[in-house]
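Q: Got a structure here, written out as structure tokens. Questions coming.
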Amino acid sequence: MCAVTFVSGKTLCMPRYFFHIRDGETVIRDNKGTELPDLEAAQFEARMHARDLVVDCLRSGREIDGRRIEIADESGATLESTTVRSVLEI
């Protein structure tokens, strides 16, 4: 189910994307999700989450490991994933 937004008298359906953090076999599930207009916006959001994880690692002195951000849709299907390390590439 997606959120309904009224714009200029039109009804738009905005999908909800979930950003799960996978660390090996362990998954921290995003049960709330975020309403975004499309997968491209969800990809951008995943990169922002990955950057936050990098900052947390740097602040705590931990190694930047192989964690991944998985983008899932409302049905639970994983649409894409990105490694936390990938945001370090310039």
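By convention here, the chains of the structure tokens are called A, B, ... in the order presented, each chain's residues are numbered starting at 1, and ligands are numbered starting at 1 in the order presented.
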Apply DSSP to the structure's backbone, then extract all residues of chain A labelled strand (DSSP E or B) and return them as a PyMOL selection string.
A: chain A and resi 3-7+10-14+16-23+26-28+34-35+68-72+78-83
Q: For those residues, write N, CA and C atoms to a file as a compact mmCIF listing (two decimals), in the first residue's frame.
A:
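The result, written out as again_1.txt:
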# COMPACT_ATOMS: atom_id res chain seq x y z
N ALA A 3 1.26 5.65 0.04
CA ALA A 3 0.62 6.87 0.55
C ALA A 3 -0.06 7.60 -0.60
N VAL A 4 -1.15 8.23 -0.30
CA VAL A 4 -1.86 9.01 -1.31
C VAL A 4 -1.59 10.48 -1.08
N THR A 5 -1.15 11.16 -2.13
CA THR A 5 -0.85 12.57 -2.06
C THR A 5 -1.71 13.28 -3.09
N PHE A 6 -2.33 14.36 -2.72
CA PHE A 6 -3.15 15.13 -3.64
C PHE A 6 -2.36 16.32 -4.15
N VAL A 7 -2.20 16.40 -5.45
CA VAL A 7 -1.46 17.49 -6.08
C VAL A 7 -2.31 18.04 -7.22
N LYS A 10 -5.08 16.00 -8.38
CA LYS A 10 -4.76 14.64 -8.82
C LYS A 10 -4.34 13.81 -7.61
N THR A 11 -4.62 12.54 -7.68
CA THR A 11 -4.20 11.63 -6.63
C THR A 11 -2.96 10.89 -7.12
N LEU A 12 -1.90 10.98 -6.35
CA LEU A 12 -0.66 10.30 -6.69
C LEU A 12 -0.38 9.24 -5.63
N CYS A 13 0.17 8.15 -6.05
CA CYS A 13 0.50 7.08 -5.14
C CYS A 13 2.02 7.03 -4.99
N MET A 14 2.49 7.27 -3.79
CA MET A 14 3.93 7.29 -3.55
C MET A 14 4.33 5.98 -2.87
N ARG A 16 6.49 3.07 -0.84
CA ARG A 16 7.31 3.06 0.37
C ARG A 16 8.48 2.11 0.13
N TYR A 17 9.68 2.57 0.44
CA TYR A 17 10.89 1.77 0.32
C TYR A 17 11.46 1.54 1.70
N PHE A 18 12.08 0.37 1.87
CA PHE A 18 12.65 -0.03 3.15
C PHE A 18 14.15 -0.22 2.96
N PHE A 19 14.92 0.21 3.95
CA PHE A 19 16.38 0.19 3.87
C PHE A 19 16.93 -0.71 4.98
N HIS A 20 17.13 -1.98 4.62
CA HIS A 20 17.63 -2.95 5.58
C HIS A 20 19.16 -2.95 5.55
N ILE A 21 19.76 -3.14 6.71
CA ILE A 21 21.22 -3.21 6.80
C ILE A 21 21.60 -4.67 6.97
N ARG A 22 22.38 -5.19 6.04
CA ARG A 22 22.84 -6.58 6.10
C ARG A 22 24.32 -6.60 6.47
N ASP A 23 24.62 -7.38 7.49
CA ASP A 23 26.00 -7.58 7.93
C ASP A 23 26.21 -9.09 7.98
N THR A 26 23.36 -11.44 9.38
CA THR A 26 22.51 -10.62 10.24
C THR A 26 21.88 -9.49 9.44
N VAL A 27 20.57 -9.30 9.64
CA VAL A 27 19.86 -8.22 8.96
C VAL A 27 19.15 -7.36 9.99
N ILE A 28 19.41 -6.06 9.93
CA ILE A 28 18.66 -5.11 10.75
C ILE A 28 17.60 -4.55 9.84
N THR A 34 10.30 4.46 4.03
CA THR A 34 10.24 5.87 3.65
C THR A 34 9.49 5.99 2.34
N GLU A 35 8.57 6.93 2.28
CA GLU A 35 7.84 7.19 1.04
C GLU A 35 8.71 8.02 0.12
N ARG A 68 25.96 -3.97 3.94
CA ARG A 68 25.23 -3.54 2.75
C ARG A 68 23.91 -2.88 3.16
N ILE A 69 23.46 -1.96 2.36
CA ILE A 69 22.11 -1.40 2.50
C ILE A 69 21.27 -2.06 1.41
N GLU A 70 20.22 -2.74 1.80
CA GLU A 70 19.33 -3.38 0.84
C GLU A 70 18.05 -2.54 0.72
N ILE A 71 17.69 -2.23 -0.51
CA ILE A 71 16.46 -1.49 -0.77
C ILE A 71 15.38 -2.51 -1.08
N ALA A 72 14.31 -2.48 -0.30
CA ALA A 72 13.20 -3.41 -0.52
C ALA A 72 11.91 -2.62 -0.77
N THR A 78 13.73 -7.51 -2.46
CA THR A 78 14.93 -6.67 -2.52
C THR A 78 15.10 -6.19 -3.95
N LEU A 79 15.12 -4.89 -4.13
CA LEU A 79 15.23 -4.29 -5.46
C LEU A 79 16.68 -4.05 -5.84
N GLU A 80 17.49 -3.74 -4.86
CA GLU A 80 18.89 -3.39 -5.10
C GLU A 80 19.61 -3.36 -3.77
N SER A 81 20.93 -3.46 -3.83
CA SER A 81 21.72 -3.27 -2.60
C SER A 81 23.01 -2.56 -2.95
N THR A 82 23.54 -1.90 -1.96
CA THR A 82 24.80 -1.18 -2.13
C THR A 82 25.67 -1.42 -0.91
N THR A 83 26.97 -1.56 -1.13
CA THR A 83 27.87 -1.77 0.00
C THR A 83 28.15 -0.42 0.67
Q: Quick check, in Å to one decimal: how far apart do atom CA of Lys32 of chain A and atom CA of Ala77 of chain A lie?
A: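 If I compute the distance from atom CA of Lys32 of chain A to atom CA of Ala77 of chain A, I get 15.3 Å.
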Q: Would you mind writing down, as JSON, numbers by chain, each residue of chain A that DSSP on the backbone assigns to alpha helix (DSSP H)?
A: {"A": [39, 40, 41, 42, 43, 44, 45, 46, 47, 48, 49, 50, 51, 52, 53, 54, 55, 56, 57, 58, 59, 60]}
Q: Of the residues A:Ala42, A:Gly24, A:Pro15, A:Val84, which is the one nearest to Asp56 of chain A, using only C-alpha atoms?
A: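 The closest residue to Asp56 of chain A is A:Val84.
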Q: Rounded to one decimal place, report the atom CA of Leu36 of chain A-atom CA of Met48 of chain A distance in Å.
A: 14.0 Å
Q: I want to know what sits within 7 Å of Ile64 of chain A, based on only C-alpha atoms, with residues of the same chain fewer than 5 positions away left out; could you give that as an NGL selection string?
A: :A and (54 or 57 or 85)
Q: Print the selection's residues with C-alpha atoms to a file, as a PDB file, in the first residue's frame.
A:
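Done, and the output landed in result03.pdb:
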ATOM      1  CA  VAL A  54      30.808   5.198   7.372  1.00  0.00           C
ATOM      2  CA  CYS A  57      32.595   3.676  11.898  1.00  0.00           C
ATOM      3  CA  ARG A  85      32.286   0.798   1.239  1.00  0.00           C
TER       4      ARG A  85
END
Q: Enter the distance from atom CA of Glu63 of chain A to atom CA of Gly33 of chain A, in Å, rounded to one decimal.
A: 27.2 Å
